Every structure is written in C-alpha cells, then in structure tokens.
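The next block is coords35.cif, given as mmCIF, C-alpha atoms and all ligand atoms.
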```cif
data_entry
#
loop_
_atom_site.label_atom_id
_atom_site.label_comp_id
_atom_site.auth_asym_id
_atom_site.auth_seq_id
_atom_site.Cartn_x
_atom_site.Cartn_y
_atom_site.Cartn_z
CA MET V 1 -4.04 121.76 100.42
CA ARG V 2 -0.60 120.41 99.61
CA LYS V 3 -2.18 117.04 98.86
CA ILE V 4 -4.67 118.60 96.44
CA LYS V 5 -1.85 120.46 94.71
CA ALA V 6 0.18 117.26 94.39
CA VAL V 7 -2.80 115.38 92.94
CA LEU V 8 -3.46 118.25 90.57
CA SER V 9 0.10 118.37 89.29
CA VAL V 10 0.22 114.59 88.84
CA SER V 11 -3.08 114.78 86.95
CA LEU V 12 -1.81 117.55 84.71
CA LEU V 13 1.34 115.63 84.02
CA VAL V 14 -0.54 112.44 83.14
CA LEU V 15 -2.90 114.53 81.06
CA ALA V 16 -0.06 116.06 79.16
CA VAL V 17 2.16 113.00 78.80
CA SER V 18 -0.62 110.69 77.73
CA GLY V 19 -1.13 112.78 74.62
CA CYS V 20 2.57 112.68 73.85
CA GLU V 21 4.86 109.76 73.37
CA ASN V 22 7.95 111.46 74.67
CA ILE V 23 8.64 114.23 77.08
CA GLY V 24 10.01 116.50 74.31
CA GLN V 25 6.50 116.78 72.94
CA LEU V 26 5.39 118.75 76.02
CA ARG V 27 6.59 121.92 74.34
CA TYR V 28 3.81 121.41 71.82
CA LEU V 29 1.02 121.90 74.37
CA SER V 30 0.44 125.62 73.91
CA ASN V 31 -2.79 126.71 72.23
CA VAL V 32 -2.56 126.94 68.46
CA SER V 33 -3.71 130.06 66.67
CA LEU V 34 -7.19 129.91 65.19
CA ASP V 35 -6.14 132.11 62.30
CA PRO V 36 -4.53 130.30 59.41
CA ASN V 37 -0.88 131.34 59.41
CA GLY V 38 2.16 130.18 57.51
CA ASP V 39 2.84 129.67 53.83
CA PRO V 40 0.07 128.50 51.51
CA ALA V 41 0.26 124.88 50.34
CA GLN V 42 2.79 124.26 47.56
CA PRO V 43 2.84 123.11 44.78
CA ALA V 44 -0.38 124.73 43.55
CA VAL V 45 -2.83 121.88 43.30
CA LEU V 46 -3.98 122.44 39.71
CA ALA V 47 -0.63 123.50 38.25
CA GLU V 48 1.50 121.30 35.97
CA PHE V 49 2.95 118.44 38.03
CA GLU V 50 5.71 116.04 37.03
CA GLY V 51 5.07 116.56 33.33
CA ASP V 52 1.29 116.35 33.69
CA ALA V 53 -0.19 119.55 32.23
CA ALA V 54 -2.21 121.99 34.37
CA VAL V 55 -5.67 120.66 35.25
CA ASN V 56 -8.81 122.62 34.31
CA SER V 57 -11.71 120.27 34.84
CA ALA V 58 -13.01 117.48 37.05
CA ASP V 59 -12.51 115.02 34.18
CA GLU V 60 -8.88 116.00 33.75
CA TRP V 61 -8.37 115.63 37.48
CA ARG V 62 -10.02 112.22 37.60
CA ASP V 63 -8.62 110.84 34.34
CA ARG V 64 -5.08 112.22 34.48
CA ARG V 65 -3.89 113.89 37.64
CA ALA V 66 -5.26 111.46 40.22
CA SER V 67 -3.16 108.56 38.90
CA VAL V 68 -0.01 110.72 38.62
CA LEU V 69 -0.41 111.72 42.26
CA ARG V 70 -1.18 108.20 43.47
CA GLU V 71 2.01 107.03 41.80
CA ALA V 72 4.03 109.88 43.36
CA PHE V 73 2.69 109.25 46.89
CA GLN V 74 3.57 105.56 46.64
CA ARG V 75 6.95 106.09 44.97
CA ASP V 76 8.20 108.80 47.32
CA LEU V 77 6.45 108.36 50.66
CA TYR V 78 4.10 105.55 51.60
CA GLY V 79 5.59 102.81 49.42
CA TYR V 80 3.77 100.71 46.83
CA PHE V 81 0.56 98.81 47.48
CA PRO V 82 0.52 95.20 46.24
CA ASP V 83 -0.59 94.73 42.63
CA ASP V 84 -3.30 92.24 43.51
CA SER V 85 -5.38 91.78 46.64
CA GLU V 86 -8.38 89.69 47.47
CA VAL V 87 -10.36 88.67 50.49
CA VAL V 88 -11.61 85.23 51.42
CA VAL V 89 -14.49 85.49 53.87
CA GLY V 90 -14.62 82.93 56.69
CA ASP V 91 -17.68 81.79 58.65
CA VAL V 92 -19.67 84.74 59.91
CA GLN V 93 -20.29 84.22 63.62
CA LEU V 94 -23.29 85.81 65.31
CA ILE V 95 -21.98 86.97 68.68
CA ASP V 96 -25.17 88.60 69.95
CA ASP V 97 -28.56 89.09 68.33
CA ASP V 98 -29.70 91.37 71.09
CA ALA V 99 -26.85 93.74 71.90
CA TYR V 100 -27.04 97.34 73.13
CA GLU V 101 -30.36 96.82 74.91
CA GLY V 102 -31.82 94.93 72.02
CA LEU V 103 -31.04 97.59 69.42
CA ALA V 104 -28.32 95.82 67.45
CA THR V 105 -26.76 92.55 66.40
CA ILE V 106 -23.03 91.89 66.62
CA GLU V 107 -21.20 89.66 64.15
CA LEU V 108 -17.58 88.58 63.93
CA VAL V 109 -16.19 87.95 60.47
CA PRO V 110 -12.80 86.35 59.73
CA LEU V 111 -11.24 87.83 56.60
CA THR V 112 -8.24 86.24 54.94
CA ILE V 113 -6.42 88.95 53.04
CA ARG V 114 -4.35 87.67 50.11
CA THR V 115 -1.90 89.96 48.33
CA ARG V 116 0.88 89.72 45.82
CA PHE V 117 3.35 92.00 44.13
CA GLY V 118 3.73 91.48 40.39
CA GLU V 119 3.74 87.82 39.47
CA GLY V 120 5.17 86.93 42.89
CA GLU V 121 3.65 84.42 45.26
CA TRP V 122 0.46 85.20 47.15
CA VAL V 123 0.91 86.02 50.84
CA GLU V 124 -2.00 85.81 53.25
CA ARG V 125 -2.98 86.96 56.72
CA THR V 126 -6.28 86.51 58.49
CA ILE V 127 -7.81 89.41 60.36
CA ARG V 128 -11.19 89.79 62.05
CA LEU V 129 -13.88 92.36 61.51
CA VAL V 130 -16.60 93.01 64.08
CA LEU V 131 -19.84 94.55 62.92
CA ALA V 132 -22.77 95.95 64.91
CA LYS V 133 -25.94 96.47 62.84
CA PRO V 134 -29.10 98.32 63.86
CA LYS V 135 -32.03 95.91 64.18
CA ALA V 136 -34.63 98.56 63.50
CA ALA V 137 -33.31 99.29 60.00
CA THR V 138 -35.81 98.67 57.20
CA THR V 139 -33.44 99.83 54.45
CA PRO V 140 -29.68 99.23 54.11
CA SER V 141 -27.71 101.13 56.73
CA PRO V 142 -24.75 103.45 56.23
CA VAL V 143 -21.66 102.09 57.94
CA ILE V 144 -18.83 103.63 59.93
CA LEU V 145 -15.63 101.58 59.81
CA LYS V 146 -13.05 102.28 62.49
CA MET V 147 -9.47 101.14 62.65
CA ASP V 148 -7.57 100.98 65.91
CA PHE V 149 -5.35 98.79 68.04
CA CYS V 150 -7.95 98.29 70.77
CA PRO V 151 -9.24 94.80 71.53
CA PHE V 152 -12.75 94.10 70.23
CA ASN V 153 -14.23 93.36 73.66
CA GLU V 154 -13.11 96.83 74.78
CA THR V 155 -14.22 98.69 71.64
CA PHE V 156 -17.68 97.09 71.60
CA ARG V 157 -17.89 96.75 75.42
CA HIS V 158 -18.98 93.15 74.94
CA ASP V 159 -17.62 90.10 76.79
CA GLY V 160 -18.47 87.74 73.96
CA LEU V 161 -15.82 89.31 71.71
CA PRO V 162 -12.10 88.48 71.55
CA ASN V 163 -9.73 90.24 73.92
CA GLY V 164 -6.39 91.70 72.88
CA GLU V 165 -4.56 88.43 72.49
CA ILE V 166 -3.41 88.12 68.92
CA GLU V 167 -1.06 85.87 67.02
CA VAL V 168 1.95 87.68 65.62
CA ILE V 169 3.43 85.92 62.61
CA LEU V 170 7.05 86.62 61.78
CA PRO V 171 9.37 85.06 59.21
CA GLU V 172 11.27 83.08 61.80
CA ARG V 173 8.62 82.36 64.39
CA THR V 174 5.07 82.82 65.51
CA GLY V 175 4.13 84.14 68.90
CA ASN V 176 1.35 85.76 70.83
CA SER V 177 1.02 89.33 71.81
CA ASN V 178 -1.52 90.53 74.31
CA VAL V 179 -2.51 94.11 73.80
CA SER V 180 -5.00 96.15 75.76
CA CYS V 181 -5.88 99.75 75.32
CA ALA V 182 -4.84 99.85 78.95
CA ILE V 183 -7.11 102.69 79.86
CA THR V 184 -10.20 100.71 80.64
CA GLY V 185 -8.86 99.55 84.01
CA PHE V 186 -9.98 100.96 87.30
CA SER V 187 -6.72 101.94 88.97
CA PRO V 188 -6.41 105.68 89.65
CA LEU V 189 -3.72 105.91 86.98
CA ASP V 190 -5.90 104.14 84.43
CA ARG V 191 -8.68 106.55 85.22
CA LEU V 192 -6.47 109.59 84.84
CA ALA V 193 -5.05 108.32 81.56
CA SER V 194 -8.55 107.50 80.42
CA TYR V 195 -9.67 111.00 81.31
CA ALA V 196 -6.75 112.47 79.38
CA LEU V 197 -6.94 110.46 76.17
CA GLY V 198 -10.68 110.22 76.37
CA ARG V 199 -12.74 107.11 76.98
CA TYR V 200 -13.87 107.41 73.40
CA HIS V 201 -10.35 106.49 72.38
CA VAL V 202 -11.17 102.93 73.38
CA SER V 203 -14.81 102.83 72.51
CA PRO V 204 -16.86 105.28 70.48
CA PRO V 205 -20.54 105.90 71.35
CA ILE V 206 -21.87 102.87 69.47
CA GLU V 207 -25.39 103.13 70.96
CA GLU V 208 -25.65 106.66 69.58
CA MET V 209 -24.55 105.50 66.13
CA ILE V 210 -27.07 102.67 66.17
CA ALA V 211 -29.82 105.05 67.32
CA ARG V 212 -29.03 107.30 64.36
CA GLY V 213 -29.24 104.34 61.99
CA TYR V 214 -25.55 103.63 61.40
CA ALA V 215 -23.91 100.23 61.46
CA PHE V 216 -20.50 100.26 63.11
CA ALA V 217 -17.57 98.05 62.17
CA ALA V 218 -14.06 97.79 63.59
CA ILE V 219 -10.82 96.14 62.61
CA ASN V 220 -7.67 95.82 64.65
CA VAL V 221 -4.57 96.86 62.71
CA LEU V 222 -2.30 94.73 64.83
CA GLU V 223 -3.79 91.59 63.34
CA TYR V 224 -2.29 92.50 59.99
CA VAL V 225 0.88 94.43 60.77
CA VAL V 226 1.92 95.25 64.31
CA ASP V 227 2.87 98.82 65.05
CA SER V 228 6.56 98.35 65.76
CA SER V 229 9.70 99.35 63.93
CA ASP V 230 11.19 95.92 64.53
CA PHE V 231 8.43 93.28 64.23
CA GLY V 232 6.28 95.53 62.09
CA ARG V 233 9.03 96.01 59.53
CA LYS V 234 9.65 92.23 59.46
CA GLN V 235 5.98 91.57 58.90
CA LEU V 236 5.87 94.14 56.11
CA GLU V 237 8.79 92.39 54.45
CA LEU V 238 6.95 89.12 54.74
CA LEU V 239 3.88 90.69 53.19
CA SER V 240 5.81 92.17 50.28
CA ARG V 241 7.81 89.11 49.28
CA GLY V 242 8.86 89.29 45.68
CA HIS V 243 8.89 93.07 45.59
CA ASP V 244 11.85 95.42 45.88
CA GLY V 245 11.73 95.82 49.65
CA ASN V 246 12.88 99.44 49.56
CA ALA V 247 9.93 100.66 47.56
CA ALA V 248 7.23 98.40 49.02
CA TRP V 249 4.55 99.68 51.36
CA GLY V 250 5.24 100.90 54.87
CA ALA V 251 2.83 100.36 57.76
CA ILE V 252 0.59 103.36 56.97
CA ALA V 253 -0.16 102.00 53.48
CA ALA V 254 -0.58 98.47 54.85
CA TRP V 255 -3.08 99.73 57.43
CA ALA V 256 -4.84 101.80 54.76
CA SER V 257 -5.25 98.66 52.67
CA GLN V 258 -7.03 96.99 55.59
CA PHE V 259 -9.78 99.58 55.31
CA SER V 260 -10.16 98.55 51.67
CA ARG V 261 -10.15 94.83 52.34
CA ALA V 262 -12.74 95.30 55.08
CA ILE V 263 -14.87 97.20 52.54
CA ASP V 264 -14.51 94.29 50.09
CA TYR V 265 -16.54 92.39 52.65
CA LEU V 266 -18.88 95.17 53.83
CA ASP V 267 -19.89 95.74 50.20
CA THR V 268 -21.26 92.20 50.07
CA ASP V 269 -23.50 92.60 53.12
CA GLU V 270 -26.99 93.43 51.88
CA ASP V 271 -27.93 95.04 55.18
CA LEU V 272 -25.43 97.80 54.43
CA ASP V 273 -25.63 100.67 51.96
CA THR V 274 -22.44 100.55 49.91
CA ASN V 275 -22.89 104.16 48.85
CA ARG V 276 -22.63 105.38 52.41
CA THR V 277 -19.40 103.93 53.76
CA ALA V 278 -17.43 106.18 56.10
CA ILE V 279 -14.03 105.37 57.54
CA TYR V 280 -12.59 106.73 60.76
CA GLY V 281 -9.06 106.82 62.12
CA HIS V 282 -7.35 108.68 64.91
CA SER V 283 -3.80 109.99 64.68
CA ARG V 284 -1.59 107.37 62.97
CA TYR V 285 -4.76 105.62 61.83
CA GLY V 286 -6.06 109.01 60.71
CA LYS V 287 -3.04 109.12 58.36
CA ALA V 288 -4.04 105.64 57.16
CA ALA V 289 -7.66 106.74 56.70
CA LEU V 290 -6.64 109.62 54.42
CA VAL V 291 -4.40 107.33 52.37
CA ALA V 292 -7.19 104.74 52.11
CA GLY V 293 -9.68 107.36 50.92
CA ALA V 294 -7.18 108.76 48.41
CA PHE V 295 -6.60 105.32 46.88
CA ASP V 296 -10.05 103.76 47.14
CA ASP V 297 -13.01 105.52 45.54
CA ARG V 298 -15.50 103.22 47.24
CA ILE V 299 -14.92 105.12 50.48
CA ASP V 300 -17.68 107.72 50.62
CA ALA V 301 -16.51 109.81 53.56
CA VAL V 302 -13.36 110.08 55.66
CA ILE V 303 -12.95 111.28 59.24
CA ALA V 304 -9.27 111.75 60.04
CA HIS V 305 -8.85 112.98 63.58
CA GLN V 306 -5.53 114.56 64.61
CA SER V 307 -3.75 112.84 61.72
CA GLY V 308 -0.80 115.28 61.77
CA ARG V 309 2.36 114.92 59.74
CA GLY V 310 2.13 112.26 57.06
CA GLY V 311 -1.65 112.80 57.32
CA ALA V 312 -3.51 116.05 56.77
CA ALA V 313 -0.79 118.48 57.89
CA LEU V 314 1.53 119.98 55.28
CA THR V 315 4.99 118.41 55.35
CA ARG V 316 6.52 121.77 54.45
CA SER V 317 4.94 123.36 57.55
CA VAL V 318 7.48 124.28 60.21
CA VAL V 319 5.21 123.79 63.24
CA GLY V 320 4.66 120.47 65.05
CA GLU V 321 6.21 117.08 64.48
CA PRO V 322 9.19 117.26 62.11
CA ILE V 323 8.98 114.59 59.42
CA VAL V 324 12.63 113.66 60.08
CA GLU V 325 11.80 112.94 63.71
CA MET V 326 8.82 110.86 62.64
CA THR V 327 10.79 108.68 60.24
CA ALA V 328 13.46 108.19 62.91
CA THR V 329 10.95 107.18 65.62
CA TYR V 330 8.69 105.17 63.32
CA PRO V 331 10.94 103.76 60.61
CA ASP V 332 8.24 101.25 59.66
CA TRP V 333 5.53 103.79 58.72
CA PHE V 334 6.76 104.84 55.27
CA SER V 335 8.63 103.02 52.51
CA LYS V 336 12.12 101.94 53.51
CA ALA V 337 13.48 104.10 50.69
CA TYR V 338 11.89 107.26 52.10
CA THR V 339 12.84 106.47 55.68
CA LYS V 340 16.46 106.03 54.60
CA ARG V 341 16.72 109.24 52.68
CA ALA V 342 14.58 111.36 55.04
CA LYS V 343 17.42 111.99 57.49
CA ASP V 344 19.43 113.80 54.80
CA SER V 345 16.82 114.96 52.32
CA PRO V 346 13.22 114.74 53.60
CA GLU V 347 11.92 117.03 50.80
CA LEU V 348 9.01 115.72 48.74
CA PRO V 349 7.87 116.94 45.32
CA PHE V 350 4.27 117.10 46.57
CA ASP V 351 2.51 117.96 49.81
CA GLN V 352 -0.43 116.65 51.80
CA HIS V 353 -3.03 119.00 50.30
CA GLN V 354 -2.64 116.87 47.17
CA LEU V 355 -3.53 113.78 49.20
CA ILE V 356 -6.67 115.49 50.56
CA ALA V 357 -7.49 116.62 47.02
CA LEU V 358 -7.58 112.98 45.92
CA LEU V 359 -10.70 112.62 48.08
CA ALA V 360 -12.61 115.24 46.10
CA PRO V 361 -15.54 115.61 45.92
CA ARG V 362 -16.16 113.15 48.77
CA PRO V 363 -16.70 114.63 52.24
CA VAL V 364 -13.77 114.66 54.63
CA LEU V 365 -13.60 115.86 58.24
CA LEU V 366 -10.22 116.89 59.61
CA GLY V 367 -10.36 116.84 63.42
CA HIS V 368 -8.02 118.65 65.81
CA ALA V 369 -7.45 119.98 69.33
CA ARG V 370 -6.14 123.38 70.27
CA ARG V 371 -3.34 122.09 72.46
CA ASP V 372 -2.21 119.44 70.01
CA LYS V 373 0.39 121.52 68.20
CA TRP V 374 2.37 118.31 67.57
CA SER V 375 -0.25 117.34 64.97
CA ASP V 376 -0.10 120.87 63.47
CA PRO V 377 -3.77 121.93 63.06
CA ASN V 378 -2.65 125.06 61.25
CA GLY V 379 -0.68 123.04 58.70
CA ALA V 380 -3.76 120.88 58.15
CA PHE V 381 -5.98 123.94 57.67
CA ARG V 382 -3.62 125.26 55.00
CA ALA V 383 -3.64 121.82 53.39
CA ALA V 384 -7.46 121.96 53.35
CA GLN V 385 -7.26 125.41 51.74
CA GLY V 386 -4.81 124.02 49.19
CA ALA V 387 -7.11 121.11 48.30
CA ASP V 388 -10.18 123.32 48.03
CA LEU V 389 -9.71 124.23 44.33
CA VAL V 390 -10.08 120.58 43.36
CA TYR V 391 -13.39 120.38 45.22
CA GLY V 392 -14.35 123.47 43.22
CA LEU V 393 -13.78 121.56 39.96
CA PHE V 394 -16.50 119.16 41.12
CA ASP V 395 -18.84 122.07 41.95
CA SER V 396 -18.37 121.45 45.64
CA GLU V 397 -17.90 124.35 48.02
CA GLY V 398 -15.09 122.41 49.68
CA LEU V 399 -13.78 124.27 52.71
CA THR V 400 -16.17 126.98 53.87
CA ALA V 401 -14.32 127.88 57.08
CA GLU V 402 -12.02 130.87 57.10
CA ARG V 403 -10.74 130.29 60.61
CA LEU V 404 -9.88 126.99 62.25
CA ASN V 405 -12.85 127.03 64.64
CA GLU V 406 -15.61 127.62 62.07
CA PHE V 407 -16.93 124.07 62.08
CA ASP V 408 -19.38 123.53 59.23
CA PRO V 409 -20.66 119.94 59.26
CA ASP V 410 -22.29 120.46 55.84
CA ALA V 411 -19.02 121.39 54.15
CA ASP V 412 -17.30 118.78 52.00
CA ILE V 413 -14.05 119.68 53.75
CA ALA V 414 -15.15 120.14 57.37
CA PHE V 415 -12.58 121.40 59.84
CA TRP V 416 -13.12 120.57 63.51
CA ILE V 417 -11.10 121.92 66.41
CA ARG V 418 -11.92 121.72 70.11
CA PRO V 419 -10.07 122.67 73.29
CA GLY V 420 -7.72 120.13 74.87
CA THR V 421 -5.01 117.79 73.74
CA HIS V 422 -4.42 114.65 71.73
CA GLY V 423 -7.17 112.06 72.10
CA GLU V 424 -10.80 111.28 71.43
CA VAL V 425 -13.07 113.03 73.88
CA LYS V 426 -16.74 113.49 74.58
CA GLU V 427 -17.35 116.36 72.18
CA ASP V 428 -15.57 114.72 69.22
CA TRP V 429 -18.08 112.04 68.24
CA PRO V 430 -21.18 114.31 68.29
CA ALA V 431 -19.35 116.53 65.79
CA PHE V 432 -18.31 113.53 63.67
CA LEU V 433 -21.88 112.18 63.63
CA GLU V 434 -23.30 115.60 62.81
CA PHE V 435 -20.95 115.70 59.82
CA LEU V 436 -21.98 112.21 58.67
CA ASP V 437 -25.69 112.97 59.17
CA ALA V 438 -25.28 116.06 57.01
CA HIS V 439 -23.71 114.09 54.15
CA PHE V 440 -25.44 110.73 54.37
C1 LIG T 1 3.00 110.06 67.82
C2 LIG T 1 3.44 110.40 66.41
C3 LIG T 1 2.31 111.04 65.60
C4 LIG T 1 1.09 110.16 65.67
C5 LIG T 1 0.72 109.89 67.10
C6 LIG T 1 -0.43 108.92 67.33
O1 LIG T 1 2.79 111.22 68.55
O2 LIG T 1 4.55 111.25 66.51
O3 LIG T 1 2.71 111.21 64.25
O4 LIG T 1 0.03 110.76 64.97
O5 LIG T 1 1.83 109.30 67.77
O6 LIG T 1 -0.64 108.04 66.52
O7 LIG T 1 -1.08 109.04 68.38
#
```

Please, can you express the file's structure as structure tokens?
Amino acid sequence: MRKIKAVLSVSLLVLAVSGCENIGQLRYLSNVSLDPNGDPAQPAVLAEFEGDAAVNSADEWRDRRASVLREAFQRDLYGYFPDDSEVVVGDVQLIDDDAYEGLATIELVPLTIRTRFGEGEWVERTIRLVLAKPKAATTPSPVILKMDFCPFNETFRHDGLPNGEIEVILPERTGNSNVSCAITGFSPLDRLASYALGRYHVSPPIEEMIARGYAFAAINVLEYVVDSSDFGRKQLELLSRGHDGNAAWGAIAAWASQFSRAIDYLDTDEDLDTNRTAIYGHSRYGKAALVAGAFDDRIDAVIAHQSGRGGAALTRSVVGEPIVEMTATYPDWFSKAYTKRAKDSPELPFDQHQLIALLAPRPVLLGHARRDKWSDPNGAFRAAQGADLVYGLFDSEGLTAERLNEFDPDADIAFWIRPGTHGEVKEDWPAFLEFLDAHF
C-alpha cells in the first residue's frame, strides 16, 4: 500500500512539474473557472488607436488599422522583422515513398533562409522542412505546418529522418547540439513524463491527418534560432546585423518568420493547396504561430495551443504568468528594448486581442487546459471576446462560445479547453482536426 502511495505521489509530482518549468508554477495547477471573469480587453479594438481614427468597416481595418497594429507590435514587443527575406530551396530528398503503411510519402527539403535589415548585408541560415503527403490525393491537399523543437525522426516516427543533432552557429564559433524531446525513451521516468506532457507533444497523429487528406509538414525552430537566452540572443544578433539591435526581432518573431519561410516553399509544391495552409504551435510556439498569422496573410488557419502570455492571453490580465517574470526568464523572446524596460514599466499601449484581431476573418483555434492557469485560459477567452468585433466587420460570427468550455469547431474563433495540465494529449488533436475539417 505504502509502495502504491509512493508511486502515486511521484507520478503526480512528475505530472505536475513536467507542465511547469519551475516549482513556483505549481500554484497555478488549480482548475480555472469556465466563466469568463476579469476586465474586458482594453483598448477597445475598433476605437481610435495611436492617431488612427476609429474603424467602421473591414476595408478600414485591412487598409489602415492592420498596418498600424503590426508596427506597434514590432516596435513595442516582438521587435522588428527583417525588411527583406527570401528562401533558396535545396535538393528535395525523397525519404520514403511508402510511409505510414503505404499511405504517404515523406520528403526532406533544405531551405536556406536569407534575410536583411535595410540595405545591410544578407545573412543566411539553412533549416530543414519535412513533409508527409497523402498518396491517395487526386487534388491538391491542405497542409498542416507544425513548429517544434523535436527531432524529425521522433516527430515523424521514421528512422530515415535526421535525429536531434543540429549545428549551432554563433558569431565566435560553430558547434553541435544534440536535442531530443526526451520523452520517447522507455525508462519509467520517460514514460511518466510522456504521460504527463502527452505523447502527442512529440508526435501528432500523422496517420489520422493523412487519412483525412491533410499533408503534414514540420520544421525545427532550433535550426534557425536556439531557444536560449544566451546562445539564442547571440544568434538573433547575428541574424539582425546592420539593424539597431535593441529594436530587432526577438526569438518569438524569428520563429514566427520560419513559418512564413516554410510557406514560401510549400506554396510552390503543386501537390498542396495554397489556400488551405494551417499552422500549429504549442505554448511558446503557439505565441509564434499567432504572430506569424498576424503578419502573414497567406496563413489560412492558426491553431495556437496553450500560448499564454505573449500569445493569446491578455497582458493586462492578472492571472497566470506575469509578463515581467517571462521577460526575466526568457530575455531572448521579445525585442531587447522591451525586455530591458519590462522590469520597470511592462505596460503596453495595446493588448493581445488586437493580435488575434489581425487574423480576422481567418479561423483560429485557441487551445487550453483547465489546470494550466499559468497560460491564463480566462485571459485568452477575454482576448477572443475583444477580437470578436473585428471578425464581425468581415461578416464572420467570430467567437460563438459564451463560456470557456463551449467548443464550436465551426466558429472562426474556436475556443478549446479540456481537463488536465500543460501539454498535448490524446483529446487535443481530434478537436484540432475537427476544427480544420470544418473550415477546410
Ligand atoms: C514556460 C513559459 C511559458 C511558455 C511555456 C512553454 O512555462 O513561462 O510562457 O508558454 O514555457 O513554452 O511550454
């Protein structure tokens, strides 16, 4: 009996800790309320903003307000994207023409991303994109593009794909880093962690996507900018040579741009339907997915799961991760200028409902878990409510839910919440695919 109790408490601890990066986050594990509570999103989304008059129509939103907001989000939070970017496509390598029991092909595509700020010099980095396409398709397939830090062989569950060893290029040296999602092992601890974060964190149900007619593509963020305040920041500086370093992009914007560069390539593949491109990101990559969608109109649908502060949740919300804590723990995520000033004055002239509104009228799913208060589901619901009026301008119903658990896959702003903690679990992907099926 004692043994069972001990195993149970260890399991619960692993379960809890694996969703949190520090022990202080454990206080965020209580169930969140399913009723929207807290202040409505401010500033009002259609009101005058930074000298731009109140918006009354979809045209005014598209032609005037969208660019004012994109400027504000870069200037004050995420940092500036490069002025020019292009992609040079390497040799497409067919890894398997008979994958997933003969249902799909798998290709690996090297993409050299070239960027420059102003008239500065071009800087380039090569990343890889892996793409699984349904063989049965007779017309171009919609595609789901996922960003993560998991090695390709783990994401696609295929031995012919590269493992987590990647080259990290820094100004002063070049080295290798070997990353694994670390929860695919078979030790009891691996299994517990895997149970907690969800096996779908490593690998989504690709067979199910293929069966429903989707192609699935993945990129690994670490190949462009590693997720570290030290190396990551140095790489960002390298990638923004020639630009005022304080205002240049932080990691979230750099990751977001990878979605766009991957789409530069996906749009050239005739097997894919460029009008049905969905992007998916979890947590920090959920933040990046929202930013990518807000800045790149070619993205037709966004699924941002547990994106939290700096993502879908209102910054002015008082529940969950404080923005000041985030900029202290992850000083590489936002522009250097914002990270510096956030400790004393984290206030922003806008809030995240205005980022979600930049997606209008394209469908977006905001995913959550009831015991993931850290990512502030309630703050994200109020952000969705705040963005809703802009969807209305485009004659879209926007958010139909009145409570957090009224999942409506047909809605253009779909809100998903399930029991449990931070991670990607069994019930998440069926909901995500139901949402995509409804819109595509
Ligand atoms: C941390 C961070 C969150 C982030 C999360 C994740 O918990 O504080 O902002 O969303 O990591 O990426 O899993």

Shortest interatomic distance to V:Phe156 - which of V:Glu406, V:Asp76, V:Asp83, V:Glu207, counting only C-alpha atoms: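 Looking only at the distances to V:Phe156, the closest residue turns out to be V:Glu207.
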
Within-9 Å residues of ligand LIG 1 (chain T), basis only C-alpha atoms and all ligand atoms, as a VMD selection string: chain V and resid 19 to 22 25 282 to 287 306 to 311 321 to 323 325 to 326 329 to 330 374 to 375 422 to 423

d(atom CA of V:Met147, atom CA of V:Leu111) in Å: 14.7 Å

Atomic distance atom CA of V:Val87 - atom CA of V:Arg261, expressed in Å with one decimal: 6.4 Å

V:Trp61 surroundings by only C-alpha atoms, 12 Å radius, close-in-sequence under 2 positions cut, as number ranges by chain: V: 45-49, 52-59, 63-70, 354, 357-361, 389-394

From V:Asp412, V:Glu86, V:Asp376, V:Asp351, residue lying nearest V:Phe440 [all atoms listed in the file]: V:Asp412

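Counting only C-alpha atoms and comparing V:Ile127, V:Ile169, V:Val202, V:Val318, the residue that lies closest to V:Trp255 is V:Ile127.
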
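In this model, the gap between atom CA of V:Val291 and atom CA of V:Ala256 comes to 6.0 Å.
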
Using only C-alpha atoms: which of V:Leu290, V:Ala104, V:Ile303, V:Ala247 has the shortest distance to V:Glu71: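 Counting only C-alpha atoms, the residue closest to V:Glu71 is V:Ala247.
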
Please rebuild stretch 370-382 of chain V with N, CA, C and O atoms and return the result as a compact mmCIF listing (two decimals), in the frame of the given file.
```txt
# COMPACT_ATOMS: atom_id res chain seq x y z
N ARG V 370 -6.92 122.14 70.24
CA ARG V 370 -6.14 123.38 70.27
C ARG V 370 -4.76 123.22 70.88
O ARG V 370 -3.84 123.92 70.57
N ARG V 371 -4.65 122.26 71.86
CA ARG V 371 -3.34 122.09 72.46
C ARG V 371 -2.59 120.88 71.88
O ARG V 371 -1.81 120.24 72.54
N ASP V 372 -2.89 120.56 70.67
CA ASP V 372 -2.21 119.44 70.01
C ASP V 372 -1.38 120.00 68.85
O ASP V 372 -1.59 119.66 67.69
N LYS V 373 -0.44 120.86 69.22
CA LYS V 373 0.39 121.52 68.20
C LYS V 373 1.25 120.49 67.47
O LYS V 373 1.62 120.66 66.32
N TRP V 374 1.58 119.41 68.17
CA TRP V 374 2.37 118.31 67.57
C TRP V 374 1.74 117.86 66.24
O TRP V 374 2.44 117.58 65.28
N SER V 375 0.39 117.81 66.22
CA SER V 375 -0.25 117.34 64.97
C SER V 375 -0.52 118.51 64.00
O SER V 375 -1.10 118.31 62.96
N ASP V 376 -0.11 119.70 64.36
CA ASP V 376 -0.10 120.87 63.47
C ASP V 376 -1.46 121.19 62.80
O ASP V 376 -1.60 121.12 61.57
N PRO V 377 -2.46 121.58 63.63
CA PRO V 377 -3.77 121.93 63.06
C PRO V 377 -3.67 123.02 61.99
O PRO V 377 -4.38 122.97 60.98
N ASN V 378 -2.77 123.98 62.22
CA ASN V 378 -2.65 125.06 61.25
C ASN V 378 -2.14 124.56 59.90
O ASN V 378 -2.62 124.99 58.84
N GLY V 379 -1.20 123.64 59.94
CA GLY V 379 -0.68 123.04 58.70
C GLY V 379 -1.76 122.25 57.98
O GLY V 379 -1.80 122.19 56.74
N ALA V 380 -2.67 121.65 58.76
CA ALA V 380 -3.76 120.88 58.15
C ALA V 380 -4.80 121.83 57.55
O ALA V 380 -5.37 121.55 56.49
N PHE V 381 -5.01 122.98 58.21
CA PHE V 381 -5.98 123.94 57.67
C PHE V 381 -5.47 124.48 56.33
O PHE V 381 -6.24 124.59 55.36
N ARG V 382 -4.16 124.76 56.27
CA ARG V 382 -3.62 125.26 55.00
C ARG V 382 -3.65 124.18 53.92
O ARG V 382 -3.80 124.46 52.74
```
